[in-house]
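A.B. asks: Got a structure for you, work20.txt, holding compact mmCIF, C-alpha atoms and all ligand atoms.
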```txt
# COMPACT_ATOMS: atom_id res chain seq x y z
CA MET H 1 182.71 12.88 64.48
CA GLN H 2 179.85 15.26 65.21
CA ILE H 3 177.36 12.72 66.53
CA LEU H 4 177.30 14.15 70.07
CA GLU H 5 176.42 17.59 68.63
CA GLU H 6 172.98 16.03 68.28
CA VAL H 7 172.43 15.97 72.05
CA LYS H 8 173.94 19.31 73.00
CA ASP H 9 170.58 21.01 73.65
CA CYS H 10 168.98 18.01 75.35
CA LYS H 11 167.97 18.16 79.02
CA THR H 12 167.24 14.47 79.45
CA ILE H 13 169.26 11.68 77.86
CA GLY H 14 168.70 7.94 78.21
CA ILE H 15 171.39 5.37 77.39
CA SER H 16 171.11 1.61 77.04
CA GLY H 17 172.78 -1.45 75.48
CA HIS H 18 172.01 -5.11 74.90
CA GLU H 19 170.49 -7.61 77.32
CA ASN H 20 172.87 -9.70 79.42
CA PRO H 21 175.39 -6.81 79.34
CA ASP H 22 179.06 -7.67 78.81
CA GLY H 23 182.11 -5.50 79.43
CA ASP H 24 181.83 -3.61 76.15
CA CYS H 25 178.12 -2.94 76.49
CA ALA H 26 178.32 -1.73 80.10
CA GLY H 27 181.67 0.05 79.63
CA SER H 28 180.47 1.98 76.58
CA CYS H 29 177.16 2.99 78.26
CA LEU H 30 178.85 4.11 81.48
CA GLY H 31 181.85 5.72 79.77
CA LEU H 32 179.53 7.80 77.59
CA ALA H 33 177.20 8.59 80.52
CA LEU H 34 180.06 9.86 82.71
CA TYR H 35 181.32 11.95 79.79
CA LEU H 36 177.91 13.51 79.08
CA ARG H 37 177.28 14.20 82.81
CA LYS H 38 180.63 16.01 82.90
CA MET H 39 180.11 17.97 79.69
CA MET H 40 176.44 18.81 80.32
CA PRO H 41 176.08 19.35 84.09
CA GLY H 42 172.54 20.71 83.65
CA ALA H 43 171.31 17.59 81.87
CA ARG H 44 169.97 14.39 83.37
CA VAL H 45 171.65 11.26 81.98
CA ASP H 46 170.08 7.88 82.88
CA VAL H 47 171.63 4.50 82.05
CA PHE H 48 169.31 1.48 81.71
CA LEU H 49 170.82 -2.01 81.72
CA GLU H 50 170.05 -5.44 83.13
CA PRO H 51 172.00 -6.09 86.37
CA LEU H 52 175.77 -6.27 85.82
CA ARG H 53 177.92 -9.30 86.62
CA GLU H 54 179.77 -8.79 89.88
CA ASP H 55 183.22 -8.46 88.27
CA LEU H 56 181.91 -5.72 85.96
CA TYR H 57 179.96 -3.98 88.74
CA ASN H 58 183.15 -3.82 90.81
CA ASN H 59 185.32 -2.48 88.01
CA LEU H 60 183.14 -0.03 86.09
CA PRO H 61 182.93 3.42 87.71
CA GLY H 62 179.32 4.60 87.82
CA ALA H 63 177.90 1.07 87.84
CA ASP H 64 175.95 1.96 90.99
CA THR H 65 173.92 4.51 89.00
CA VAL H 66 172.56 1.97 86.47
CA ILE H 67 168.76 1.64 86.51
CA THR H 68 168.27 -2.13 86.33
CA ASN H 69 164.47 -2.26 86.59
CA PHE H 70 164.01 0.07 83.59
CA ARG H 71 161.65 2.31 85.60
CA THR H 72 161.72 6.07 85.17
CA ASP H 73 159.42 8.98 85.97
CA LEU H 74 160.12 10.45 82.53
CA GLU H 75 157.54 9.76 79.84
CA VAL H 76 159.82 10.89 77.01
CA TYR H 77 163.59 11.49 76.89
CA ASP H 78 164.91 14.32 74.73
CA ALA H 79 167.44 11.84 73.36
CA PHE H 80 167.99 8.12 73.75
CA ILE H 81 171.28 6.48 72.77
CA VAL H 82 171.65 2.72 72.21
CA LEU H 83 175.19 1.32 72.25
CA ASP H 84 176.65 -2.05 71.22
CA SER H 85 173.28 -3.31 69.97
CA ALA H 86 170.35 -2.80 67.63
CA LYS H 87 167.04 -1.93 69.32
CA ASP H 88 165.72 -5.50 69.22
CA ARG H 89 167.98 -6.70 72.07
CA ILE H 90 167.67 -3.87 74.61
CA SER H 91 164.93 -5.50 76.71
CA GLY H 92 163.13 -2.97 78.90
CA ALA H 93 164.65 0.08 77.19
CA LYS H 94 163.02 -0.51 73.80
CA GLU H 95 159.88 1.52 74.56
CA LEU H 96 161.93 4.39 76.00
CA PHE H 97 164.07 4.39 72.86
CA GLU H 98 161.07 4.36 70.52
CA ARG H 99 159.31 7.16 72.43
CA ALA H 100 162.34 9.50 72.59
CA GLU H 101 162.39 12.79 70.67
CA LYS H 102 165.73 11.92 69.15
CA THR H 103 167.35 8.50 68.84
CA ILE H 104 171.00 7.64 68.30
CA ASN H 105 172.50 4.21 67.66
CA ILE H 106 176.25 3.55 67.96
CA ASP H 107 177.38 -0.02 67.30
CA HIS H 108 180.13 -2.21 65.87
CA HIS H 109 177.95 -5.18 64.86
CA ILE H 110 177.88 -5.32 61.07
CA SER H 111 174.36 -6.81 61.16
CA ASN H 112 172.92 -3.69 62.83
CA PRO H 113 170.72 -1.86 60.28
CA GLY H 114 171.04 1.40 62.26
CA ASP H 115 167.95 1.86 64.38
CA GLY H 116 168.38 5.52 65.32
CA MET H 117 167.49 8.77 63.61
CA VAL H 118 171.25 9.26 63.73
CA ASN H 119 173.50 6.21 63.39
CA TYR H 120 177.16 5.38 63.70
CA VAL H 121 177.61 1.70 62.85
CA ASN H 122 181.13 0.54 62.02
CA GLY H 123 181.49 -3.22 61.65
CA SER H 124 185.26 -3.05 61.41
CA SER H 125 185.66 -1.53 64.86
CA SER H 126 186.82 -3.72 67.77
CA SER H 127 184.20 -2.54 70.23
CA ALA H 128 181.48 -0.05 71.02
CA CYS H 129 183.97 1.48 73.47
CA GLU H 130 186.37 2.21 70.61
CA LEU H 131 183.53 4.03 68.82
CA VAL H 132 182.66 6.03 71.95
CA TYR H 133 186.34 6.95 72.24
CA GLU H 134 186.17 8.25 68.66
CA VAL H 135 183.13 10.47 69.24
CA ILE H 136 184.14 12.14 72.52
CA ASP H 137 186.50 15.06 73.11
CA HIS H 138 189.77 13.46 74.26
CA ASP H 139 190.70 16.51 76.33
CA GLN H 140 187.70 15.80 78.60
CA ILE H 141 188.49 12.16 79.38
CA ASP H 142 189.18 11.42 83.04
CA THR H 143 190.23 8.29 84.94
CA ASP H 144 186.69 6.94 85.40
CA ILE H 145 185.72 7.44 81.75
CA ALA H 146 189.03 5.90 80.61
CA GLN H 147 188.58 2.86 82.84
CA ASN H 148 185.10 2.12 81.46
CA LEU H 149 186.24 2.35 77.85
CA TYR H 150 189.37 0.29 78.53
CA VAL H 151 187.36 -2.56 80.09
CA GLY H 152 185.15 -2.73 77.00
CA MET H 153 188.10 -2.83 74.62
CA VAL H 154 189.87 -5.54 76.64
CA THR H 155 186.83 -7.79 76.90
CA ASP H 156 185.54 -7.47 73.31
CA THR H 157 188.98 -8.05 71.77
CA GLY H 158 189.73 -11.10 73.94
CA CYS H 159 192.51 -9.05 75.52
CA PHE H 160 193.64 -7.58 72.17
CA ARG H 161 193.86 -11.00 70.47
CA PHE H 162 190.96 -11.08 68.00
CA SER H 163 191.38 -9.95 64.39
CA SER H 164 189.07 -6.98 65.07
CA THR H 165 191.96 -5.46 67.06
CA SER H 166 193.51 -2.70 64.96
CA ARG H 167 196.24 -0.13 65.25
CA LYS H 168 193.46 2.32 66.14
CA THR H 169 192.33 0.05 68.97
CA MET H 170 195.85 -0.18 70.39
CA GLN H 171 196.42 3.54 70.09
CA ALA H 172 193.15 4.29 71.88
CA ALA H 173 193.90 1.70 74.59
CA GLY H 174 197.44 3.07 74.98
CA GLU H 175 196.04 6.55 75.46
CA LEU H 176 193.44 5.35 78.00
CA MET H 177 196.09 3.49 80.04
CA THR H 178 197.81 6.77 80.85
CA TYR H 179 194.93 7.78 83.17
CA GLY H 180 196.36 5.71 85.98
CA PHE H 181 193.74 3.09 86.82
CA ASP H 182 194.96 -0.29 88.08
CA PHE H 183 194.80 -2.10 84.72
CA PRO H 184 196.60 -5.35 85.69
CA ARG H 185 194.08 -6.00 88.46
CA ILE H 186 191.09 -4.92 86.37
CA VAL H 187 192.03 -7.08 83.38
CA ARG H 188 192.56 -10.05 85.65
CA GLU H 189 189.18 -9.59 87.33
CA VAL H 190 187.05 -8.85 84.24
CA TYR H 191 188.76 -11.15 81.77
CA PHE H 192 190.90 -13.94 83.25
CA GLU H 193 189.43 -14.88 86.61
CA LYS H 194 187.02 -17.79 87.00
CA THR H 195 185.26 -18.89 90.15
CA PHE H 196 186.58 -22.02 91.85
CA VAL H 197 183.49 -23.91 90.66
CA GLN H 198 184.06 -22.74 87.06
CA GLN H 199 187.68 -23.93 87.25
CA ARG H 200 186.61 -27.38 88.43
CA VAL H 201 183.90 -27.66 85.74
CA LEU H 202 186.48 -26.64 83.12
CA GLY H 203 188.88 -29.24 84.51
CA ARG H 204 186.22 -31.93 84.24
CA ALA H 205 185.47 -30.98 80.62
CA LEU H 206 189.16 -30.95 79.70
CA SER H 207 189.84 -34.31 81.33
CA LYS H 208 186.90 -35.85 79.42
CA ALA H 209 187.93 -34.35 76.06
CA LYS H 210 188.44 -36.55 73.03
CA SER H 211 190.76 -35.85 70.12
CA CYS H 212 189.13 -36.56 66.74
CA LEU H 213 190.29 -36.38 63.10
CA GLY H 214 193.94 -36.71 64.02
CA GLY H 215 193.77 -33.93 66.62
CA ARG H 216 192.07 -31.47 64.28
CA CYS H 217 188.81 -31.49 66.24
CA ILE H 218 188.61 -31.59 70.05
CA VAL H 219 185.29 -32.70 71.53
CA SER H 220 183.93 -32.77 75.06
CA LYS H 221 180.57 -32.98 76.76
CA LEU H 222 179.19 -32.70 80.30
CA ASP H 223 175.79 -33.93 81.38
CA HIS H 224 173.70 -31.98 83.87
CA LEU H 225 174.66 -34.17 86.79
CA ALA H 226 178.40 -33.74 86.12
CA ILE H 227 177.97 -29.94 86.33
CA THR H 228 175.73 -29.86 89.39
CA ALA H 229 177.89 -32.41 91.22
CA LEU H 230 180.65 -29.78 91.19
CA GLY H 231 178.23 -27.09 92.41
CA GLY H 232 177.96 -25.58 88.94
CA VAL H 233 175.09 -24.12 86.94
CA GLY H 234 174.66 -23.50 83.21
CA LYS H 235 176.69 -20.29 83.06
CA ASP H 236 179.69 -22.03 84.63
CA VAL H 237 180.49 -23.73 81.31
CA GLU H 238 181.25 -20.42 79.58
CA GLY H 239 184.71 -20.42 78.03
CA ILE H 240 185.12 -24.20 77.95
CA VAL H 241 184.86 -24.46 74.16
CA SER H 242 187.52 -21.73 73.80
CA ALA H 243 189.84 -23.73 76.06
CA LEU H 244 189.26 -26.84 73.91
CA VAL H 245 190.05 -25.05 70.64
CA SER H 246 193.30 -23.72 72.13
CA THR H 247 194.83 -27.18 71.65
CA THR H 248 197.93 -27.47 69.46
CA GLY H 249 196.93 -28.79 66.04
CA ALA H 250 193.18 -28.24 66.56
CA HIS H 251 191.21 -26.59 63.77
CA CYS H 252 187.98 -26.60 65.73
CA ALA H 253 186.24 -27.74 68.91
CA ILE H 254 182.80 -28.93 69.95
CA PHE H 255 181.49 -28.67 73.51
CA ALA H 256 178.06 -29.93 74.55
CA HIS H 257 176.42 -29.52 77.93
CA GLU H 258 173.09 -30.79 79.12
CA ARG H 259 170.62 -28.27 80.48
CA SER H 260 168.35 -28.95 83.44
CA THR H 261 165.55 -29.53 80.88
CA GLY H 262 167.45 -32.44 79.33
CA ASP H 263 168.16 -30.56 76.10
CA TRP H 264 171.80 -30.19 75.05
CA ARG H 265 173.46 -26.90 74.17
CA VAL H 266 176.30 -27.38 71.70
CA SER H 267 178.98 -24.73 71.11
CA PHE H 268 181.47 -24.68 68.24
CA ARG H 269 184.72 -22.77 67.78
CA SER H 270 187.02 -22.76 64.78
CA ASN H 271 190.55 -21.38 64.43
CA GLN H 272 190.74 -21.67 60.68
CA ILE H 273 189.28 -23.45 57.62
CA VAL H 274 186.21 -25.01 59.26
CA ASP H 275 183.01 -22.96 58.93
CA VAL H 276 181.13 -23.90 62.10
CA SER H 277 178.16 -21.66 61.31
CA VAL H 278 177.09 -24.17 58.62
CA ILE H 279 177.08 -26.99 61.16
CA ALA H 280 175.11 -25.00 63.76
CA GLN H 281 172.59 -23.99 61.08
CA HIS H 282 172.14 -27.62 60.05
CA TYR H 283 170.81 -28.25 63.58
CA GLY H 284 168.65 -25.13 63.73
CA GLY H 285 171.24 -22.90 65.43
CA GLY H 286 173.36 -20.04 64.16
CA GLY H 287 176.32 -17.77 64.70
CA HIS H 288 179.52 -16.84 62.94
CA ILE H 289 182.05 -18.73 60.81
CA ARG H 290 184.41 -19.12 63.78
CA ALA H 291 181.91 -19.28 66.67
CA SER H 292 178.44 -20.76 66.65
CA GLY H 293 175.99 -22.87 68.62
CA CYS H 294 172.80 -24.90 68.50
CA THR H 295 170.41 -26.77 70.78
CA ILE H 296 169.75 -30.51 70.46
CA GLN H 297 166.44 -31.75 71.85
CA LYS H 298 166.54 -34.25 74.71
CA ASN H 299 164.95 -37.06 72.70
CA ARG H 300 168.06 -37.34 70.51
CA ASP H 301 171.18 -39.35 71.37
CA ILE H 302 173.83 -36.65 71.85
CA THR H 303 176.72 -39.08 71.26
CA ILE H 304 175.38 -39.93 67.80
CA VAL H 305 174.65 -36.28 67.00
CA ILE H 306 178.25 -35.33 67.87
CA GLN H 307 179.50 -38.15 65.62
CA GLU H 308 177.44 -36.62 62.78
CA MET H 309 178.91 -33.21 63.52
CA VAL H 310 182.46 -34.56 63.43
CA ALA H 311 181.63 -36.22 60.11
CA MET H 312 180.54 -32.85 58.71
CA ILE H 313 183.82 -31.33 59.89
CA ARG H 314 185.70 -34.22 58.27
CA GLY H 315 183.92 -33.37 55.01
CA GLN H 316 184.93 -29.72 55.23
CA LEU H 317 188.56 -30.56 56.02
CA LYS H 318 188.76 -33.10 53.17
CA ALA H 319 187.28 -30.58 50.74
CA ALA H 320 189.96 -28.10 51.85
CA ASP H 321 192.64 -30.79 51.44
CA GLU H 322 193.46 -30.57 55.15
CA LEU H 323 192.96 -34.25 55.92
CA PRO H 324 195.54 -35.98 53.70
CA ASP H 325 195.71 -39.28 55.59
CA ASP H 326 192.04 -39.21 56.77
CA PRO H 327 192.74 -40.59 60.25
CA GLU H 328 189.91 -42.09 62.26
MN MN Y 401 180.65 -5.07 71.71
```
So, in terms of structure tokens, how does the structure I just supplied come out?
Ligand SMILES: [Mn+2]
C.D. replies:
Amino acid sequence: MQILEEVKDCKTIGISGHENPDGDCAGSCLGLALYLRKMMPGARVDVFLEPLREDLYNNLPGADTVITNFRTDLEVYDAFIVLDSAKDRISGAKELFERAEKTINIDHHISNPGDGMVNYVNGSSSSACELVYEVIDHDQIDTDIAQNLYVGMVTDTGCFRFSSTSRKTMQAAGELMTYGFDFPRIVREVYFEKTFVQQRVLGRALSKAKSCLGGRCIVSKLDHLAITALGGVGKDVEGIVSALVSTTGAHCAIFAHERSTGDWRVSFRSNQIVDVSVIAQHYGGGGHIRASGCTIQKNRDITIVIQEMVAMIRGQLKAADELPDDPE
């Protein structure tokens, strides 16, 4: 892959990724930045991202160099590289990208049209970090670069569980592991750990869960008061719907939580058969076949809306002949 040949004569390079940066976004930006700083010591390489979550900040070498206010004294960068995103989701970096002399876009989202003058978009790749690994010279990788790329692969593959995980992913991750960073601790901190408040909110959601359609659909909801009473805020419900769908016999799960505005955010997950994107779209939301979401306005009765959603899932399961006894 010759894509980095494009920047070899550049003196100033900007790098950015999507808003609300996750492990893959931040890991790919920082991994590539550390690599370019090493390979091109005369060049200036600036990374622009929204502030990183604490667990990522603590585990991604170079995180302290990220420019989080998107301010720079440079009018125009010689090259600007966007990773793990199209240009429409890079918040404050969009103008810098559009003004740059040369633009490069590297991404693994199939929906990305390729927003750079040079593009490397591969929808079958597990992560942007796997793509960065492909385009850099492996002889120049060091521990800090390896750690950044490893974090992105771990987080975007759900710890090497999702179907996007390939032999190539595992081979790259296996190679990166040999650089000697403390991967058990890092994986625990960036992937498995929850705050005490998040654990208690999860526990509340699990204890309130209902089993529908003979155990094929698991449903739970938390109103705003239930979350705040445990000291939680909106982001503390992340991961709850995944926990619900990890129930033996479940095809899918629905989790709804009330926002401070009174609106309800509903998340769907599906293991197989059920296409939850259709259900989210019916309510004005969107997403993928196996993961989607929508917002229900506060003037609607959420209990009745969820009953309608379960009825739609019943229809899909019956059509697929997966509900032979049609239990209530
Ligand atoms: Mn990604």
A.B. asks: Give me the residues near H:Val197 as a PDB file with C-alpha atoms, in the coordinates of the input, where near means some atom within 8 Å (using only C-alpha atoms) and where sequence neighbours in that chain fewer than 4 positions away do not count.
C.D. replies:
```pdb
ATOM      1  CA  VAL H 201     183.900 -27.660  85.740  1.00  0.00           C
ATOM      2  CA  LEU H 230     180.650 -29.780  91.190  1.00  0.00           C
ATOM      3  CA  GLY H 231     178.230 -27.090  92.410  1.00  0.00           C
ATOM      4  CA  GLY H 232     177.960 -25.580  88.940  1.00  0.00           C
ATOM      5  CA  ASP H 236     179.690 -22.030  84.630  1.00  0.00           C
TER       6      ASP H 236
END
```
A.B. asks: Quick one: residues within 8 Å of stretch 297-304 of chain H, only C-alpha atoms counted, chain neighbours fewer than 5 positions away excluded, as a ChimeraX atom specification?
C.D. replies: /H:261-264
A.B. asks: With a cut-off of 10 Å, could you pull out the residues of chain H touching ligand MN 401 (chain Y) and give me the nearest pair of atoms for each, distance in Å to one decimal, using all atoms listed in the file, ordered by chain and ascending number, as a Markdown table?
C.D. replies:
```
| residue | atom | partner | partner_atom | distance |
| --- | --- | --- | --- | --- |
| H:Gly17 | CA | Y:MN401 | MN | 9.4 |
| H:His18 | CA | Y:MN401 | MN | 9.2 |
| H:Pro21 | CA | Y:MN401 | MN | 9.4 |
| H:Asp22 | CA | Y:MN401 | MN | 7.7 |
| H:Gly23 | CA | Y:MN401 | MN | 7.9 |
| H:Asp24 | CA | Y:MN401 | MN | 4.8 |
| H:Cys25 | CA | Y:MN401 | MN | 5.8 |
| H:Ala26 | CA | Y:MN401 | MN | 9.3 |
| H:Gly27 | CA | Y:MN401 | MN | 9.5 |
| H:Ser28 | CA | Y:MN401 | MN | 8.6 |
| H:Leu83 | CA | Y:MN401 | MN | 8.4 |
| H:Asp84 | CA | Y:MN401 | MN | 5.0 |
| H:Ser85 | CA | Y:MN401 | MN | 7.8 |
| H:Asp107 | CA | Y:MN401 | MN | 7.5 |
| H:His108 | CA | Y:MN401 | MN | 6.5 |
| H:His109 | CA | Y:MN401 | MN | 7.4 |
| H:Ser125 | CA | Y:MN401 | MN | 9.2 |
| H:Ser126 | CA | Y:MN401 | MN | 7.4 |
| H:Ser127 | CA | Y:MN401 | MN | 4.6 |
| H:Ala128 | CA | Y:MN401 | MN | 5.1 |
| H:Cys129 | CA | Y:MN401 | MN | 7.6 |
| H:Glu130 | CA | Y:MN401 | MN | 9.3 |
| H:Leu131 | CA | Y:MN401 | MN | 10.0 |
| H:Gly152 | CA | Y:MN401 | MN | 7.3 |
| H:Met153 | CA | Y:MN401 | MN | 8.3 |
| H:Thr155 | CA | Y:MN401 | MN | 8.5 |
| H:Asp156 | CA | Y:MN401 | MN | 5.7 |
| H:Thr157 | CA | Y:MN401 | MN | 8.8 |
```
A.B. asks: Between H:Gly234, H:Gly114, H:Gly215, H:Gly286, which is the closest to H:His251 once you count only C-alpha atoms?
C.D. replies: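 The answer is H:Gly215, which sits nearest to H:His251.
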A.B. asks: What does the structure give for the distance between atom CA of H:Leu36 and atom CA of H:Gly92, in Å to one decimal?
C.D. replies: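 It comes out at 22.1 Å.
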A.B. asks: As an exercise, work out the distance from atom CA of H:Val276 to atom CA of H:Asp115 in Å and give it to one decimal place.
C.D. replies: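 Computing it gives 29.0 Å between the two atoms.
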